>>> print(open('structure.cif').read())   # mmCIF, C-alpha atoms
data_final
#
loop_
_atom_site.label_atom_id
_atom_site.label_comp_id
_atom_site.auth_asym_id
_atom_site.auth_seq_id
_atom_site.Cartn_x
_atom_site.Cartn_y
_atom_site.Cartn_z
CA MET C 1 0.00 0.00 0.00
CA GLU C 2 1.45 3.37 -1.03
CA THR C 3 1.80 5.89 1.79
CA VAL C 4 2.80 9.53 2.13
CA ASP C 5 4.01 10.72 5.55
CA GLY C 6 2.60 7.57 7.12
CA GLU C 7 -0.79 8.03 5.46
CA SER C 8 -2.32 5.61 2.97
CA THR C 9 -2.96 7.22 -0.40
CA THR C 10 -5.15 4.35 -1.63
CA VAL C 11 -8.83 5.17 -2.12
CA THR C 12 -10.97 2.11 -2.83
CA ALA C 13 -14.49 1.60 -4.12
CA ARG C 14 -15.53 0.93 -0.53
CA HIS C 15 -14.43 4.43 0.48
CA TRP C 16 -16.54 5.99 -2.26
CA LEU C 17 -19.54 3.84 -1.27
CA VAL C 18 -19.29 5.01 2.34
CA LEU C 19 -19.00 8.58 1.05
CA ALA C 20 -22.13 8.09 -1.08
CA VAL C 21 -24.14 6.88 1.93
CA ALA C 22 -22.81 9.66 4.16
CA THR C 23 -23.75 12.18 1.48
CA PHE C 24 -27.26 10.76 1.16
CA VAL C 25 -27.80 10.84 4.92
CA ALA C 26 -26.78 14.48 5.04
CA ALA C 27 -28.90 15.24 1.96
CA SER C 28 -31.98 13.75 3.60
CA GLY C 29 -31.48 16.07 6.56
CA SER C 30 -31.05 19.07 4.26
CA ALA C 31 -34.19 18.15 2.31
CA PHE C 32 -36.12 18.52 5.56
CA VAL C 33 -34.35 21.43 7.22
CA ILE C 34 -34.20 23.60 4.11
CA GLY C 35 -37.32 22.14 2.51
CA VAL C 36 -39.55 23.62 5.21
CA GLY C 37 -38.54 27.03 3.86
CA PHE C 38 -39.89 26.09 0.44
CA LEU C 39 -43.30 25.56 2.06
CA LEU C 40 -43.49 29.20 3.13
CA PRO C 41 -45.84 30.24 0.28
CA HIS C 42 -48.16 27.34 1.20
CA LEU C 43 -48.04 28.24 4.89
CA THR C 44 -49.00 31.86 4.20
CA SER C 45 -51.41 31.60 1.27
CA VAL C 46 -53.18 28.30 2.06
CA MET C 47 -52.82 27.87 5.82
CA GLY C 48 -53.31 31.57 6.55
CA LEU C 49 -50.15 32.18 8.58
CA SER C 50 -48.45 35.57 8.51
CA LEU C 51 -44.98 35.76 6.99
CA PRO C 52 -43.34 36.15 10.45
CA GLN C 53 -45.33 33.14 11.73
CA GLY C 54 -44.21 31.12 8.73
CA GLY C 55 -40.67 32.29 9.40
CA VAL C 56 -40.90 30.82 12.90
CA LEU C 57 -41.81 27.39 11.49
CA VAL C 58 -39.01 27.67 8.94
CA ALA C 59 -36.56 28.43 11.76
CA MET C 60 -37.63 25.54 14.02
CA PRO C 61 -35.63 22.78 12.24
CA LEU C 62 -32.59 25.05 12.26
CA VAL C 63 -32.99 25.73 15.98
CA GLY C 64 -33.28 22.01 16.71
CA MET C 65 -30.24 21.22 14.61
CA ALA C 66 -28.19 23.99 16.23
CA ALA C 67 -29.12 22.79 19.72
CA ALA C 68 -28.03 19.20 19.07
CA LEU C 69 -24.92 19.47 16.89
CA ILE C 70 -22.28 19.60 19.61
CA ALA C 71 -23.94 16.76 21.52
CA TRP C 72 -23.94 14.59 18.38
CA GLY C 73 -20.31 15.57 17.77
CA TRP C 74 -19.41 14.47 21.29
CA LEU C 75 -21.16 11.14 20.69
CA VAL C 76 -19.31 10.68 17.39
CA ASP C 77 -15.98 11.14 19.19
CA ARG C 78 -17.05 8.58 21.80
CA ALA C 79 -19.20 5.98 20.00
CA GLY C 80 -18.28 6.30 16.32
CA GLU C 81 -19.99 7.46 13.17
CA LYS C 82 -22.21 4.49 12.36
CA VAL C 83 -24.31 4.46 15.51
CA VAL C 84 -24.85 8.22 15.25
CA LEU C 85 -25.96 8.09 11.61
CA VAL C 86 -28.38 5.22 12.23
CA ALA C 87 -29.85 6.63 15.46
CA GLY C 88 -30.34 10.13 14.07
CA SER C 89 -31.99 8.99 10.84
CA ALA C 90 -34.31 6.58 12.67
CA GLY C 91 -35.31 9.28 15.16
CA ALA C 92 -36.07 11.74 12.35
CA ALA C 93 -38.27 9.13 10.68
CA VAL C 94 -40.31 8.70 13.87
CA THR C 95 -40.91 12.41 14.48
CA LEU C 96 -41.70 13.10 10.82
CA THR C 97 -44.29 10.32 10.95
CA ALA C 98 -45.91 12.11 13.87
CA ALA C 99 -45.86 15.41 11.93
CA LEU C 100 -48.09 13.87 9.26
CA PHE C 101 -51.00 13.83 11.70
CA VAL C 102 -50.62 17.21 13.42
CA ASP C 103 -52.87 20.24 12.97
CA SER C 104 -51.75 22.40 15.92
CA PHE C 105 -49.27 25.19 15.11
CA ALA C 106 -47.50 24.79 18.45
CA LEU C 107 -47.22 21.01 18.24
CA LEU C 108 -46.02 21.20 14.65
CA ALA C 109 -43.35 23.69 15.71
CA VAL C 110 -42.17 21.29 18.45
CA LEU C 111 -42.00 18.34 16.05
CA LEU C 112 -40.05 20.40 13.52
CA LEU C 113 -37.67 21.37 16.32
CA VAL C 114 -37.11 17.76 17.46
CA THR C 115 -36.75 16.46 13.91
CA GLY C 116 -34.12 19.12 13.27
CA ALA C 117 -32.25 17.87 16.33
CA PHE C 118 -32.27 14.30 15.00
CA THR C 119 -31.11 15.32 11.52
CA ALA C 120 -28.12 17.09 13.08
CA SER C 121 -26.57 13.66 13.60
CA GLY C 122 -25.64 13.44 9.94
CA ASN C 123 -23.57 16.60 9.86
CA SER C 124 -20.66 15.86 12.18
CA ALA C 125 -20.68 12.09 11.60
CA SER C 126 -20.68 12.20 7.81
CA GLY C 127 -18.04 14.92 7.73
CA ARG C 128 -15.70 13.02 10.02
CA LEU C 129 -16.04 9.89 7.88
CA VAL C 130 -14.61 11.83 4.96
CA VAL C 131 -11.67 13.20 6.93
CA SER C 132 -10.91 9.79 8.43
CA TRP C 133 -11.18 7.67 5.28
CA PHE C 134 -9.72 9.98 2.61
CA PRO C 135 -6.08 11.17 2.40
CA ALA C 136 -5.30 14.89 2.41
CA HIS C 137 -4.71 15.14 -1.34
CA ARG C 138 -8.21 13.74 -2.03
CA ARG C 139 -9.96 15.19 0.99
CA GLY C 140 -11.05 18.49 -0.53
CA LEU C 141 -12.72 16.73 -3.45
CA ALA C 142 -14.31 14.11 -1.18
CA MET C 143 -15.59 16.76 1.22
CA GLY C 144 -16.90 18.74 -1.74
CA VAL C 145 -18.90 15.66 -2.75
CA ARG C 146 -20.15 15.24 0.81
CA GLN C 147 -21.03 18.93 1.08
CA MET C 148 -23.04 18.78 -2.13
CA SER C 149 -25.58 17.00 0.08
CA GLN C 150 -27.05 20.32 1.16
CA PRO C 151 -27.78 21.77 -2.29
CA ALA C 152 -28.72 18.31 -3.58
CA GLY C 153 -31.21 17.81 -0.76
CA SER C 154 -32.47 21.34 -1.29
CA ALA C 155 -32.93 20.70 -5.00
CA VAL C 156 -34.97 17.56 -4.37
CA ALA C 157 -37.08 19.40 -1.81
CA ALA C 158 -37.63 22.41 -4.07
CA MET C 159 -38.88 20.24 -6.90
CA THR C 160 -41.22 18.12 -4.81
CA MET C 161 -42.29 19.58 -1.47
CA PRO C 162 -44.11 22.73 -2.72
CA LEU C 163 -45.91 20.68 -5.38
CA LEU C 164 -46.88 17.97 -2.88
CA ALA C 165 -48.15 20.58 -0.44
CA GLN C 166 -50.11 22.35 -3.14
CA SER C 167 -51.68 19.14 -4.44
CA TYR C 168 -52.16 17.01 -1.33
CA GLY C 169 -51.45 19.13 1.75
CA LEU C 170 -48.67 19.70 4.25
CA GLY C 171 -48.49 16.07 5.38
CA ALA C 172 -47.72 14.92 1.84
CA ALA C 173 -44.82 17.36 1.67
CA PHE C 174 -43.33 15.90 4.86
CA ALA C 175 -43.59 12.39 3.38
CA LEU C 176 -40.55 13.10 1.19
CA PRO C 177 -37.99 13.74 3.98
CA LEU C 178 -39.63 10.90 5.94
CA ALA C 179 -38.91 8.42 3.15
CA MET C 180 -35.35 9.74 2.81
CA ALA C 181 -34.80 9.34 6.57
CA VAL C 182 -35.91 5.70 6.46
CA VAL C 183 -33.59 4.94 3.54
CA SER C 184 -30.76 6.77 5.33
CA ALA C 185 -31.12 4.67 8.48
CA VAL C 186 -31.08 1.40 6.55
CA ALA C 187 -28.19 2.42 4.28
CA ALA C 188 -26.04 3.61 7.19
CA LEU C 189 -26.71 0.39 9.08
CA VAL C 190 -25.74 -1.82 6.12
CA VAL C 191 -22.89 0.10 4.48
CA VAL C 192 -21.10 2.43 6.89
CA THR C 193 -17.96 1.18 8.64
CA ASP C 194 -16.29 3.26 11.31
CA PRO C 195 -12.67 4.17 10.54
CA PRO C 196 -10.00 2.63 12.78
CA PRO C 197 -9.26 4.65 15.93
CA PRO C 198 -6.28 7.00 15.76
CA GLU C 199 -3.02 5.62 17.05
CA ALA C 200 -1.55 7.44 20.02
CA THR C 201 2.24 7.68 20.13
CA PRO C 202 4.44 9.72 22.45
CA ASP C 203 6.24 12.70 21.00
CA ALA C 204 9.73 13.80 22.04
CA GLY C 205 8.38 15.36 25.21
CA GLY C 206 6.30 12.35 26.17
CA GLU C 207 2.94 13.97 25.25
CA ALA C 208 0.40 11.75 23.55
CA VAL C 209 0.09 12.53 19.87
CA SER C 210 -2.52 10.88 17.65
CA ARG C 211 -2.09 10.21 13.97
CA ALA C 212 -4.94 9.75 11.51
CA GLY C 213 -5.60 11.14 8.07
CA GLY C 214 -1.96 12.10 7.70
CA GLU C 215 -2.13 14.84 10.32
CA ALA C 216 -0.47 15.03 13.73
CA ALA C 217 -2.73 16.36 16.45
CA THR C 218 -2.36 16.57 20.20
CA ASP C 219 -5.10 15.29 22.44
CA GLY C 220 -5.62 18.76 23.92
CA SER C 221 -8.33 21.16 22.84
CA PRO C 222 -7.67 22.72 19.41
CA TYR C 223 -9.19 25.96 20.71
CA ARG C 224 -6.27 26.62 23.04
CA GLY C 225 -3.24 28.58 21.93
CA SER C 226 -4.54 29.55 18.48
CA ASP C 227 -7.26 31.74 17.02
CA TYR C 228 -7.38 29.70 13.79
CA LEU C 229 -10.60 27.80 14.51
CA TYR C 230 -12.26 30.90 15.92
CA ARG C 231 -11.54 32.77 12.70
CA VAL C 232 -12.72 29.91 10.50
CA HIS C 233 -15.94 29.65 12.53
CA GLY C 234 -16.43 33.41 12.28
CA VAL C 235 -15.92 33.45 8.52
CA SER C 236 -18.34 30.55 8.14
CA VAL C 237 -21.02 32.33 10.16
CA LEU C 238 -20.71 35.51 8.12
CA LEU C 239 -20.90 33.61 4.84
CA VAL C 240 -23.71 31.30 5.89
CA LEU C 241 -26.07 34.20 6.66
CA PRO C 242 -26.44 35.17 2.97
CA GLN C 243 -26.65 31.48 2.10
CA GLY C 244 -29.43 30.87 4.61
CA MET C 245 -31.34 33.94 3.47
CA LEU C 246 -31.26 32.87 -0.18
CA GLN C 247 -32.16 29.27 0.61
CA ALA C 248 -35.11 30.26 2.80
CA PHE C 249 -36.53 33.08 0.69
CA LEU C 250 -35.44 32.63 -2.94
CA LEU C 251 -38.54 30.61 -3.80
CA THR C 252 -40.77 33.00 -1.83
CA TRP C 253 -39.13 35.97 -3.61
CA LEU C 254 -39.95 34.45 -6.98
CA VAL C 255 -43.53 33.51 -6.04
CA LEU C 256 -44.64 36.49 -3.94
CA GLY C 257 -42.23 39.11 -5.26
CA HIS C 258 -42.22 38.32 -8.99
CA GLY C 259 -45.48 36.42 -9.45
CA TRP C 260 -44.02 33.07 -10.45
CA SER C 261 -45.89 29.82 -9.93
CA ALA C 262 -44.60 27.54 -7.18
CA VAL C 263 -43.64 24.92 -9.78
CA SER C 264 -41.68 27.36 -11.98
CA ALA C 265 -39.97 28.87 -8.95
CA GLY C 266 -39.11 25.37 -7.78
CA VAL C 267 -37.37 24.68 -11.09
CA VAL C 268 -35.23 27.81 -10.70
CA VAL C 269 -34.33 26.92 -7.12
CA THR C 270 -33.51 23.37 -8.19
CA VAL C 271 -31.20 24.59 -10.94
CA SER C 272 -29.44 26.92 -8.51
CA GLN C 273 -28.98 24.10 -5.98
CA VAL C 274 -27.65 21.66 -8.58
CA LEU C 275 -25.17 24.28 -9.76
CA GLY C 276 -24.30 24.95 -6.13
CA ALA C 277 -23.54 21.25 -5.61
CA VAL C 278 -21.21 21.32 -8.60
CA ALA C 279 -19.59 24.49 -7.24
CA ARG C 280 -18.79 22.76 -3.95
CA ILE C 281 -17.10 19.88 -5.72
CA VAL C 282 -15.12 22.25 -7.92
CA ALA C 283 -14.08 24.34 -4.91
CA GLY C 284 -12.91 21.20 -3.08
CA ALA C 285 -10.93 19.99 -6.08
CA VAL C 286 -9.34 23.43 -6.47
CA SER C 287 -8.32 23.41 -2.80
CA ASP C 288 -6.62 20.03 -3.30
CA ARG C 289 -4.81 21.35 -6.34
CA VAL C 290 -3.55 24.57 -4.73
CA GLY C 291 -2.90 22.88 -1.38
CA SER C 292 -4.97 25.41 0.58
CA ARG C 293 -8.51 25.72 1.94
CA MET C 294 -8.21 29.39 2.92
CA THR C 295 -7.28 30.82 -0.49
CA PRO C 296 -10.46 29.52 -2.19
CA ILE C 297 -12.57 30.63 0.79
CA ARG C 298 -11.26 34.18 0.42
CA GLY C 299 -12.15 34.12 -3.27
CA VAL C 300 -15.66 32.89 -2.45
CA ALA C 301 -16.18 35.69 0.09
CA ILE C 302 -15.22 38.32 -2.48
CA SER C 303 -17.45 36.76 -5.14
CA VAL C 304 -20.47 36.46 -2.83
CA THR C 305 -20.14 40.11 -1.84
CA ALA C 306 -20.09 41.22 -5.48
CA GLY C 307 -22.97 38.92 -6.47
CA LEU C 308 -25.27 40.07 -3.67
CA ALA C 309 -24.46 43.72 -4.28
CA ALA C 310 -25.41 43.30 -7.95
CA LEU C 311 -28.64 41.52 -6.96
CA ALA C 312 -29.57 44.30 -4.53
CA VAL C 313 -29.01 47.00 -7.16
CA ALA C 314 -31.04 45.07 -9.75
CA GLU C 315 -33.95 44.58 -7.35
CA ALA C 316 -33.87 48.19 -6.15
CA LEU C 317 -33.91 49.54 -9.73
CA GLY C 318 -36.65 47.18 -10.84
CA ALA C 319 -34.50 45.38 -13.40
CA PRO C 320 -36.26 43.00 -15.81
CA GLY C 321 -37.18 39.69 -14.22
CA VAL C 322 -34.70 37.65 -16.24
CA ILE C 323 -31.80 39.80 -15.02
CA ALA C 324 -32.88 39.71 -11.38
CA VAL C 325 -33.50 35.96 -11.45
CA THR C 326 -30.17 35.26 -13.14
CA LEU C 327 -28.36 37.32 -10.51
CA GLY C 328 -30.32 35.50 -7.80
CA VAL C 329 -29.19 32.12 -9.13
CA ILE C 330 -25.57 33.30 -9.39
CA ALA C 331 -25.62 34.65 -5.83
CA THR C 332 -27.11 31.39 -4.56
CA VAL C 333 -24.49 29.25 -6.31
CA LEU C 334 -21.65 31.39 -5.00
CA SER C 335 -23.04 31.46 -1.45
CA VAL C 336 -22.99 27.66 -1.02
CA SER C 337 -19.60 26.94 -2.57
CA ASP C 338 -17.41 27.51 0.50
CA ASN C 339 -18.96 25.15 3.04
CA GLY C 340 -16.89 22.08 2.23
CA LEU C 341 -13.67 24.08 2.39
CA ALA C 342 -14.32 25.39 5.90
CA PHE C 343 -15.60 22.00 7.06
CA THR C 344 -12.42 20.31 5.86
CA ALA C 345 -10.17 22.97 7.39
CA VAL C 346 -11.84 22.60 10.79
CA ALA C 347 -11.54 18.80 10.83
CA GLU C 348 -7.94 18.84 9.62
CA PHE C 349 -6.88 21.29 12.30
CA ALA C 350 -8.86 19.70 15.15
CA GLY C 351 -7.53 16.19 14.55
CA PRO C 352 -9.34 12.84 14.90
CA ARG C 353 -9.93 13.03 18.66
CA TRP C 354 -11.61 16.45 18.48
CA SER C 355 -13.02 16.66 14.98
CA GLY C 356 -16.52 15.53 15.97
CA ARG C 357 -16.86 18.27 18.55
CA ALA C 358 -15.13 20.89 16.41
CA LEU C 359 -17.41 20.12 13.48
CA GLY C 360 -20.32 20.29 15.91
CA VAL C 361 -19.22 23.77 16.95
CA GLN C 362 -18.75 24.73 13.29
CA ASN C 363 -22.28 23.70 12.39
CA THR C 364 -23.82 24.98 15.61
CA THR C 365 -22.54 28.52 15.11
CA GLN C 366 -23.85 28.50 11.56
CA PHE C 367 -27.27 27.15 12.40
CA VAL C 368 -27.70 29.44 15.41
CA ALA C 369 -26.97 32.36 13.11
CA ILE C 370 -29.46 31.17 10.49
CA SER C 371 -32.11 30.33 13.10
CA ALA C 372 -31.87 33.76 14.69
CA SER C 373 -31.80 35.64 11.40
CA THR C 374 -34.59 33.86 9.49
CA PRO C 375 -37.58 35.35 11.38
CA LEU C 376 -35.83 38.74 11.36
CA VAL C 377 -35.29 38.58 7.61
CA ALA C 378 -38.94 37.63 7.13
CA ALA C 379 -40.03 40.63 9.18
CA VAL C 380 -37.75 43.01 7.24
CA ILE C 381 -39.02 41.68 3.90
CA ASP C 382 -42.60 42.04 5.13
CA ALA C 383 -41.94 45.66 6.16
CA ILE C 384 -39.70 47.13 3.45
CA GLY C 385 -39.09 44.56 0.72
CA TYR C 386 -36.29 42.42 -0.63
CA TRP C 387 -33.56 44.71 -1.90
CA PRO C 388 -32.51 46.01 1.55
CA VAL C 389 -32.10 42.39 2.68
CA PHE C 390 -29.93 41.61 -0.34
CA ALA C 391 -27.84 44.71 0.32
CA GLY C 392 -27.44 43.83 4.00
CA ALA C 393 -26.34 40.31 3.06
CA ALA C 394 -23.67 41.79 0.77
CA VAL C 395 -22.31 43.86 3.66
CA ILE C 396 -22.20 40.79 5.91
CA ALA C 397 -20.31 38.80 3.28
CA ALA C 398 -17.83 41.66 2.89
CA LEU C 399 -17.05 41.49 6.63
CA ALA C 400 -15.82 37.92 6.16
CA ILE C 401 -13.05 38.87 3.71
CA PRO C 402 -10.50 40.30 6.19
CA LEU C 403 -11.35 37.61 8.76
CA VAL C 404 -10.18 34.71 6.56
CA PRO C 405 -6.86 33.36 7.95
CA THR C 406 -3.93 34.30 5.75
CA ALA C 407 -2.83 30.66 5.46
CA ASP C 408 -3.90 27.14 6.37
CA GLN C 409 -2.63 25.83 9.69
CA ARG C 410 -1.98 22.38 11.16
CA ARG C 411 -1.40 21.49 14.80
CA ALA C 412 1.93 19.80 15.46
#
>>> encode(input="structure.cif", output="structure tokens")
Amino acid sequence: METVDGESTTVTARHWLVLAVATFVAASGSAFVIGVGFLLPHLTSVMGLSLPQGGVLVAMPLVGMAAALIAWGWLVDRAGEKVVLVAGSAGAAVTLTAALFVDSFALLAVLLLVTGAFTASGNSASGRLVVSWFPAHRRGLAMGVRQMSQPAGSAVAAMTMPLLAQSYGLGAAFALPLAMAVVSAVAALVVVTDPPPPEATPDAGGEAVSRAGGEAATDGSPYRGSDYLYRVHGVSVLLVLPQGMLQAFLLTWLVLGHGWSAVSAGVVVTVSQVLGAVARIVAGAVSDRVGSRMTPIRGVAISVTAGLAALAVAEALGAPGVIAVTLGVIATVLSVSDNGLAFTAVAEFAGPRWSGRALGVQNTTQFVAISASTPLVAAVIDAIGYWPVFAGAAVIAALAIPLVPTADQRRA
């Protein structure tokens, strides 16, 4: 077996199969968490909820996910990836089944919250599988594939959930993520194999050092003695706010703001999500080629700022629909392309004994930010329209540019 710096460079068909299952599990969670946002027109026009009330329901899965991510990450570090993936998917299937029979706004909100907490299991576990099974020179590409789960799940949800809700009601829309959760639980149980535990060897000073994935990492907290993870988390939060805004309200913007049908708007959202999935893979491959995660992230931050600024100007000036929609798709694609890069950087720096928790923190900060901002964005749109929100998102993305670390770092 060929190795580089003590790390196997061989990637087998089994590795790609595990990656495929991990990606599907994460995609099923995204189809639910983001898909609820695509039901916003149905919640307001058919069920009679106000836009802020609908925004609360849209935020509930995000709140549940944010609340559970670190706990799932801790369990991944202790019990392994397989048990977490199976337990989370099975739990989501149970709570989504209950949601099919609920009419109460409050009870529905609670079930969306709990289901979001269960789907959080797929985030840290599936990400750590990639870092553990794939060598560094393939890791960016592999994580890009894994991170395409979010736009892929969003695309499936955009094409199906609004149409199902329109034709058969809210329960029918929830049947899609329910079916995906069941398949996820079975696939994870049958296919996923936990990577071998990291070997601990003493360094020159007698301190335990673990080696896995070609990186050397101490057993101590990666948050001590360096601001690297704090900066990566901060950049990710700033860049995920525009992403969350576009994912939650792009379809609503097209339907309520530009008069599109839910089906036509769903096609546009699906196209943007498919392109976003491709963008994540390309960004990961580029990071492998240039040997850096931070350089592509900085480029993404600059591009997102420019794209959102152009969208805000077009919307404010009442540009023709084709121009505004094209800019909206471009901004959406750019906004999702950095996630795999930051995810990989966090796991590589944290090391195998801390990556579950560090990835939990990474996702928690992002989902807390999205959860808190979604009802606020809905209220601002309801009060003054869309272009100020687009402009504000551009400013937020611009703040991320100077925060990106100047270079990638590894703990030694």
>>> resolve_selection(input="structure.cif", expression="the PyMOL selection byres ((chain C and resi 307) around 8)", output="PyMOL selection string")
chain C and resi 303-306+308-311+327+330-331+334+394
>>> write_last_selection(input="structure.cif", atoms="C-alpha atoms", output="CSV table (one decimal), in the frame of the given file")
chain,number,residue,atom,x,y,z
C,303,SER,CA,-17.4,36.8,-5.1
C,304,VAL,CA,-20.5,36.5,-2.8
C,305,THR,CA,-20.1,40.1,-1.8
C,306,ALA,CA,-20.1,41.2,-5.5
C,308,LEU,CA,-25.3,40.1,-3.7
C,309,ALA,CA,-24.5,43.7,-4.3
C,310,ALA,CA,-25.4,43.3,-8.0
C,311,LEU,CA,-28.6,41.5,-7.0
C,327,LEU,CA,-28.4,37.3,-10.5
C,330,ILE,CA,-25.6,33.3,-9.4
C,331,ALA,CA,-25.6,34.6,-5.8
C,334,LEU,CA,-21.6,31.4,-5.0
C,394,ALA,CA,-23.7,41.8,0.8
>>> atom_distance(input="structure.cif", atom1="atom CA of Val110 of chain C", atom2="atom CA of Ala372 of chain C")
16.6 Å
>>> resolve_selection(input="structure.cif", expression="the PyMOL selection byres ((chain C and resi 97) around 12)", output="list in words")
Ala90, Gly91, Ala92, Ala93, Val94, Thr95, Leu96, Ala98, Ala99, Leu100, Phe101, Val102, Leu108, Leu111, Leu112, Thr115, Gly171, Ala172, Ala173, Phe174, Ala175, Leu176, Pro177, Leu178, Ala179, Ala181 and Val182 of chain C
>>> resolve_selection(input="structure.cif", expression="the PyMOL selection byres ((chain C and resi 255) around 12)", output="tab-separated table (two decimals) with C-alpha atoms, in the frame of the given file")
chain	number	residue	atom	x	y	z
C	38	PHE	CA	-39.89	26.09	0.44
C	39	LEU	CA	-43.30	25.56	2.06
C	40	LEU	CA	-43.49	29.20	3.13
C	41	PRO	CA	-45.84	30.24	0.28
C	42	HIS	CA	-48.16	27.34	1.20
C	44	THR	CA	-49.00	31.86	4.20
C	45	SER	CA	-51.41	31.60	1.27
C	162	PRO	CA	-44.11	22.73	-2.72
C	249	PHE	CA	-36.53	33.08	0.69
C	250	LEU	CA	-35.44	32.63	-2.94
C	251	LEU	CA	-38.54	30.61	-3.80
C	252	THR	CA	-40.77	33.00	-1.83
C	253	TRP	CA	-39.13	35.97	-3.61
C	254	LEU	CA	-39.95	34.45	-6.98
C	256	LEU	CA	-44.64	36.49	-3.94
C	257	GLY	CA	-42.23	39.11	-5.26
C	258	HIS	CA	-42.22	38.32	-8.99
C	259	GLY	CA	-45.48	36.42	-9.45
C	260	TRP	CA	-44.02	33.07	-10.45
C	261	SER	CA	-45.89	29.82	-9.93
C	262	ALA	CA	-44.60	27.54	-7.18
C	263	VAL	CA	-43.64	24.92	-9.78
C	264	SER	CA	-41.68	27.36	-11.98
C	265	ALA	CA	-39.97	28.87	-8.95
C	266	GLY	CA	-39.11	25.37	-7.78
C	267	VAL	CA	-37.37	24.68	-11.09
C	268	VAL	CA	-35.23	27.81	-10.70
C	269	VAL	CA	-34.33	26.92	-7.12
C	325	VAL	CA	-33.50	35.96	-11.45
>>> residues_around(input="structure.cif", residues="Met65 of chain C", least_positions_apart="6", cutoff="12 Å", atoms="all atoms listed in the file", output="ChimeraX atom specification")
/C:29-30,32-34,59,71-73,88,92,112-124,360-361,363-371
>>> residues_near_point(input="structure.cif", point="(-26.9, 34.6, 7.0)", cutoff="7 Å", atoms="all atoms listed in the file", output="VMD selection string")
chain C and resid 238 to 245 369 to 370 373 393
>>> residues_around(input="structure.cif", residues="Val282 of chain C", least_positions_apart="2", cutoff="10 Å", atoms="only C-alpha atoms", output="number ranges by chain")
C: 140-141, 144-145, 276-280, 284-288, 337
>>> atom_distance(input="structure.cif", atom1="atom CA of Gly234 of chain C", atom2="atom CA of Ala158 of chain C")
28.9 Å
>>> axis_aligned_box(input="structure.cif", around="segment 174-192 of chain C", padding_each_side="8 Å", output="JSON")
{"center_x": -32.3, "center_y": 7.0, "center_z": 5.1, "size_x": 38.5, "size_y": 33.7, "size_z": 23.9}
>>> closest_residue(input="structure.cif", among="C:Gly291, C:Pro61, C:Gly356, C:Pro375", to="Gly80 of chain C", atoms="all atoms listed in the file")
C:Gly356
>>> atom_distance(input="structure.cif", atom1="atom CA of Asp382 of chain C", atom2="atom CA of Phe105 of chain C")
20.7 Å
>>> closest_residue(input="structure.cif", among="C:Leu246, C:Val377, C:Val290, C:Val389", to="Val336 of chain C", atoms="only C-alpha atoms")
C:Leu246
>>> build_atoms(input="structure.cif", residues="segment 387-395 of chain C", atoms="N, CA, C and O atoms", output="PDB file, in the frame of the given file")
ATOM      1  N   TRP C 387     -34.886  44.204  -1.552  1.00  0.00           N
ATOM      2  CA  TRP C 387     -33.560  44.710  -1.900  1.00  0.00           C
ATOM      3  C   TRP C 387     -32.737  45.135  -0.677  1.00  0.00           C
ATOM      4  O   TRP C 387     -31.506  44.937  -0.687  1.00  0.00           O
ATOM      5  N   PRO C 388     -33.343  45.699   0.382  1.00  0.00           N
ATOM      6  CA  PRO C 388     -32.510  46.010   1.550  1.00  0.00           C
ATOM      7  C   PRO C 388     -31.911  44.749   2.195  1.00  0.00           C
ATOM      8  O   PRO C 388     -30.792  44.791   2.737  1.00  0.00           O
ATOM      9  N   VAL C 389     -32.628  43.650   2.133  1.00  0.00           N
ATOM     10  CA  VAL C 389     -32.100  42.390   2.680  1.00  0.00           C
ATOM     11  C   VAL C 389     -30.918  41.910   1.846  1.00  0.00           C
ATOM     12  O   VAL C 389     -29.898  41.472   2.384  1.00  0.00           O
ATOM     13  N   PHE C 390     -31.050  42.001   0.520  1.00  0.00           N
ATOM     14  CA  PHE C 390     -29.930  41.610  -0.340  1.00  0.00           C
ATOM     15  C   PHE C 390     -28.715  42.500  -0.088  1.00  0.00           C
ATOM     16  O   PHE C 390     -27.574  42.022  -0.040  1.00  0.00           O
ATOM     17  N   ALA C 391     -28.948  43.787   0.070  1.00  0.00           N
ATOM     18  CA  ALA C 391     -27.840  44.710   0.320  1.00  0.00           C
ATOM     19  C   ALA C 391     -27.183  44.421   1.671  1.00  0.00           C
ATOM     20  O   ALA C 391     -25.945  44.429   1.793  1.00  0.00           O
ATOM     21  N   GLY C 392     -27.991  44.165   2.687  1.00  0.00           N
ATOM     22  CA  GLY C 392     -27.440  43.830   4.000  1.00  0.00           C
ATOM     23  C   GLY C 392     -26.621  42.556   3.971  1.00  0.00           C
ATOM     24  O   GLY C 392     -25.569  42.445   4.613  1.00  0.00           O
ATOM     25  N   ALA C 393     -27.085  41.559   3.193  1.00  0.00           N
ATOM     26  CA  ALA C 393     -26.340  40.310   3.060  1.00  0.00           C
ATOM     27  C   ALA C 393     -24.996  40.541   2.388  1.00  0.00           C
ATOM     28  O   ALA C 393     -23.994  39.897   2.737  1.00  0.00           O
ATOM     29  N   ALA C 394     -24.941  41.465   1.429  1.00  0.00           N
ATOM     30  CA  ALA C 394     -23.670  41.790   0.770  1.00  0.00           C
ATOM     31  C   ALA C 394     -22.679  42.394   1.762  1.00  0.00           C
ATOM     32  O   ALA C 394     -21.486  42.079   1.747  1.00  0.00           O
ATOM     33  N   VAL C 395     -23.176  43.253   2.640  1.00  0.00           N
ATOM     34  CA  VAL C 395     -22.310  43.860   3.660  1.00  0.00           C
ATOM     35  C   VAL C 395     -21.769  42.793   4.600  1.00  0.00           C
ATOM     36  O   VAL C 395     -20.583  42.784   4.957  1.00  0.00           O
TER      37      VAL C 395
END
